[in-house]
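Enquirer: File input-v4.csv below, CSV, C-alpha atoms and all ligand atoms:
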```
chain,number,residue,atom,x,y,z
A,1,MET,CA,-101.7,-9.0,-46.6
A,2,GLN,CA,-99.0,-6.3,-46.7
A,3,PHE,CA,-98.6,-6.7,-42.9
A,4,LEU,CA,-98.1,-10.5,-43.3
A,5,VAL,CA,-95.5,-10.1,-46.1
A,6,HIS,CA,-93.7,-7.4,-44.1
A,7,TYR,CA,-93.3,-9.5,-41.0
A,8,PHE,CA,-92.6,-12.7,-42.9
A,9,LEU,CA,-89.7,-10.9,-44.6
A,10,HIS,CA,-88.5,-9.3,-41.3
A,11,LEU,CA,-88.9,-12.4,-39.0
A,12,VAL,CA,-89.2,-15.7,-41.0
A,13,PHE,CA,-87.2,-15.1,-44.2
A,14,PRO,CA,-83.9,-14.3,-42.3
A,15,GLY,CA,-84.3,-17.8,-40.6
A,16,ILE,CA,-84.7,-19.4,-44.1
A,17,VAL,CA,-81.6,-17.6,-45.3
A,18,ALA,CA,-79.6,-18.5,-42.2
A,19,TYR,CA,-80.7,-22.2,-42.4
A,20,ALA,CA,-80.0,-22.4,-46.2
A,21,PHE,CA,-76.5,-20.7,-46.2
A,22,TYR,CA,-75.1,-21.0,-42.6
A,23,ARG,CA,-76.5,-24.4,-41.6
A,24,PRO,CA,-73.9,-25.4,-38.9
A,25,ARG,CA,-74.4,-22.1,-37.0
A,26,TRP,CA,-77.8,-21.1,-38.4
A,27,LEU,CA,-79.4,-20.1,-35.1
A,28,LYS,CA,-76.6,-17.7,-34.2
A,29,VAL,CA,-76.7,-16.2,-37.7
A,30,TYR,CA,-80.5,-16.0,-37.5
A,31,LEU,CA,-80.4,-14.1,-34.2
A,32,LEU,CA,-77.7,-11.8,-35.6
A,33,LEU,CA,-79.9,-11.1,-38.7
A,34,LEU,CA,-82.9,-10.4,-36.3
A,35,ALA,CA,-80.7,-8.1,-34.3
A,36,THR,CA,-80.2,-5.9,-37.3
A,37,MET,CA,-83.8,-4.8,-36.8
A,38,LEU,CA,-82.3,-2.4,-34.2
A,39,VAL,CA,-81.6,-0.2,-37.2
A,40,ASP,CA,-85.2,1.0,-36.8
A,41,VAL,CA,-84.0,2.9,-33.7
A,42,ASP,CA,-83.6,5.9,-36.1
A,43,HIS,CA,-87.4,6.0,-36.3
A,44,LEU,CA,-87.3,7.6,-32.8
A,45,LEU,CA,-85.7,10.7,-34.4
A,46,ALA,CA,-88.8,11.3,-36.5
A,47,THR,CA,-92.0,13.1,-35.6
A,48,PRO,CA,-94.3,11.3,-35.6
A,49,ILE,CA,-92.3,8.2,-34.8
A,50,TYR,CA,-94.6,6.1,-36.9
A,51,GLN,CA,-96.6,7.2,-39.9
A,52,PRO,CA,-98.3,4.4,-41.8
A,53,CYS,CA,-97.7,5.7,-45.4
A,54,ARG,CA,-94.3,7.2,-44.9
A,55,CYS,CA,-91.4,5.5,-46.9
A,56,SER,CA,-88.6,4.9,-44.4
A,57,ILE,CA,-86.0,4.4,-47.2
A,58,GLY,CA,-84.4,7.8,-47.9
A,59,PHE,CA,-86.2,9.3,-44.9
A,60,HIS,CA,-84.6,8.0,-41.7
A,61,PRO,CA,-80.8,8.4,-41.4
A,62,LEU,CA,-80.0,4.7,-41.0
A,63,HIS,CA,-82.4,4.0,-44.0
A,64,SER,CA,-80.7,6.7,-46.2
A,65,PHE,CA,-79.3,5.8,-49.6
A,66,ILE,CA,-75.8,6.5,-48.4
A,67,ALA,CA,-76.3,4.2,-45.4
A,68,CYS,CA,-77.5,1.5,-47.9
A,69,VAL,CA,-74.3,1.9,-49.9
A,70,LEU,CA,-72.3,1.5,-46.7
A,71,TYR,CA,-74.2,-1.7,-45.8
A,72,ALA,CA,-73.4,-3.0,-49.3
A,73,VAL,CA,-69.7,-2.2,-48.7
A,74,LEU,CA,-69.8,-4.0,-45.4
A,75,LEU,CA,-70.6,-7.2,-47.3
A,76,TYR,CA,-67.0,-7.4,-48.4
A,77,TRP,CA,-65.5,-8.4,-45.0
A,78,PRO,CA,-66.5,-11.7,-43.5
A,79,LYS,CA,-66.7,-10.2,-40.0
A,80,THR,CA,-69.3,-7.7,-41.1
A,81,ARG,CA,-71.0,-9.7,-43.8
A,82,ILE,CA,-73.9,-11.2,-41.8
A,83,VAL,CA,-74.8,-7.8,-40.2
A,84,ALA,CA,-74.6,-6.2,-43.7
A,85,LEU,CA,-76.8,-8.9,-45.1
A,86,GLY,CA,-79.3,-8.4,-42.3
A,87,LEU,CA,-79.3,-4.6,-42.9
A,88,LEU,CA,-79.7,-5.0,-46.7
A,89,MET,CA,-82.6,-7.5,-46.2
A,90,HIS,CA,-84.2,-5.0,-43.8
A,91,MET,CA,-83.8,-2.2,-46.4
A,92,ALA,CA,-85.2,-4.4,-49.1
A,93,THR,CA,-88.2,-5.3,-46.9
A,94,ASP,CA,-88.8,-1.6,-46.1
A,95,GLY,CA,-88.4,-0.8,-49.8
A,96,ILE,CA,-91.0,-3.4,-50.8
A,97,ASP,CA,-93.3,-1.6,-48.3
A,98,CYS,CA,-92.6,1.7,-50.0
A,99,ILE,CA,-93.6,0.3,-53.4
A,100,TRP,CA,-96.7,-1.3,-51.9
A,101,ASN,CA,-97.6,2.0,-50.1
A,102,SER,CA,-97.2,3.9,-53.4
A,103,TYR,CA,-100.3,2.0,-54.6
A,104,SER,CA,-102.3,1.7,-51.4
A,105,CYS,CA,-101.7,5.2,-49.9
A,106,GLY,CA,-102.3,7.1,-53.1
A,201,ZN,ZN,-86.7,-0.2,-41.1
```
Kindly present the structure from the file in structure tokens form.
Ligand SMILES: [Zn+2]

Expert:
Amino acid sequence: MQFLVHYFLHLVFPGIVAYAFYRPRWLKVYLLLLATMLVDVDHLLATPIYQPCRCSIGFHPLHSFIACVLYAVLLYWPKTRIVALGLLMHMATDGIDCIWNSYSCG
């Protein structure tokens, strides 16, 4: 179930947001929102790269609290707004995983 929610929020929800708020150019916006998943490149710096119960928020550099503040600041300018939105939706999705893991991983 967690897996489905996680990938729904990472892959489908951005499409819903793009279609709802950027209808004339929703596909371009959707692809840009999907491209923000590249932020997970910072997982490559960790050892091990993937650990099922690890909370990525506050652990990986591009998932740090200061990075999240920067993403929120980037909402201000129209040119960076969509990327910032994608990054913040990504952080929210990973954050939901952290909460979920706090119950399922003990
Ligand atoms: Zn992530």

Enquirer: Go through the chains and note each residue within 7 Å of ligand ZN 201 (chain A), using all atoms listed in the file, then give the set as a ChimeraX atom specification.

Expert: /A:37,39-40,56,63,90-91,94

Enquirer: For each of A:Ala92, A:Leu31, A:Leu87, A:Ile49, take the minimum atom-to-atom distance to Tyr19 of chain A, counting only C-alpha atoms, then give the residue where this is smallest.

Expert: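 Smallest separation from Tyr19 of chain A among the options: A:Leu31.
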
Enquirer: Measure the distance from atom CA of Val41 of chain A to atom CA of Tyr7 of chain A in Å and round it to one decimal.

Expert: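 Interatomic distance, atom CA of Val41 of chain A to atom CA of Tyr7 of chain A: 17.1 Å.
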
Enquirer: Using all atoms listed in the file for the distances, tell me which of A:Tyr76, A:Asp97, A:Leu62, A:Leu70 is nearest to Leu38 of chain A.

Expert: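 The shortest atom-to-atom distance to Leu38 of chain A comes from A:Leu62.
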
Enquirer: Would you mind reading off the distance between atom CA of Pro61 of chain A and atom CA of Leu44 of chain A, one decimal, in Å?

Expert: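 Answer for the atom CA of Pro61 of chain A to atom CA of Leu44 of chain A separation: 10.8 Å.
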
Enquirer: For atom CA of Phe13 of chain A and atom CA of Met1 of chain A, quote the distance in Å rounded to one decimal.

Expert: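 Computing the Euclidean distance for atom CA of Phe13 of chain A and atom CA of Met1 of chain A yields 15.9 Å.
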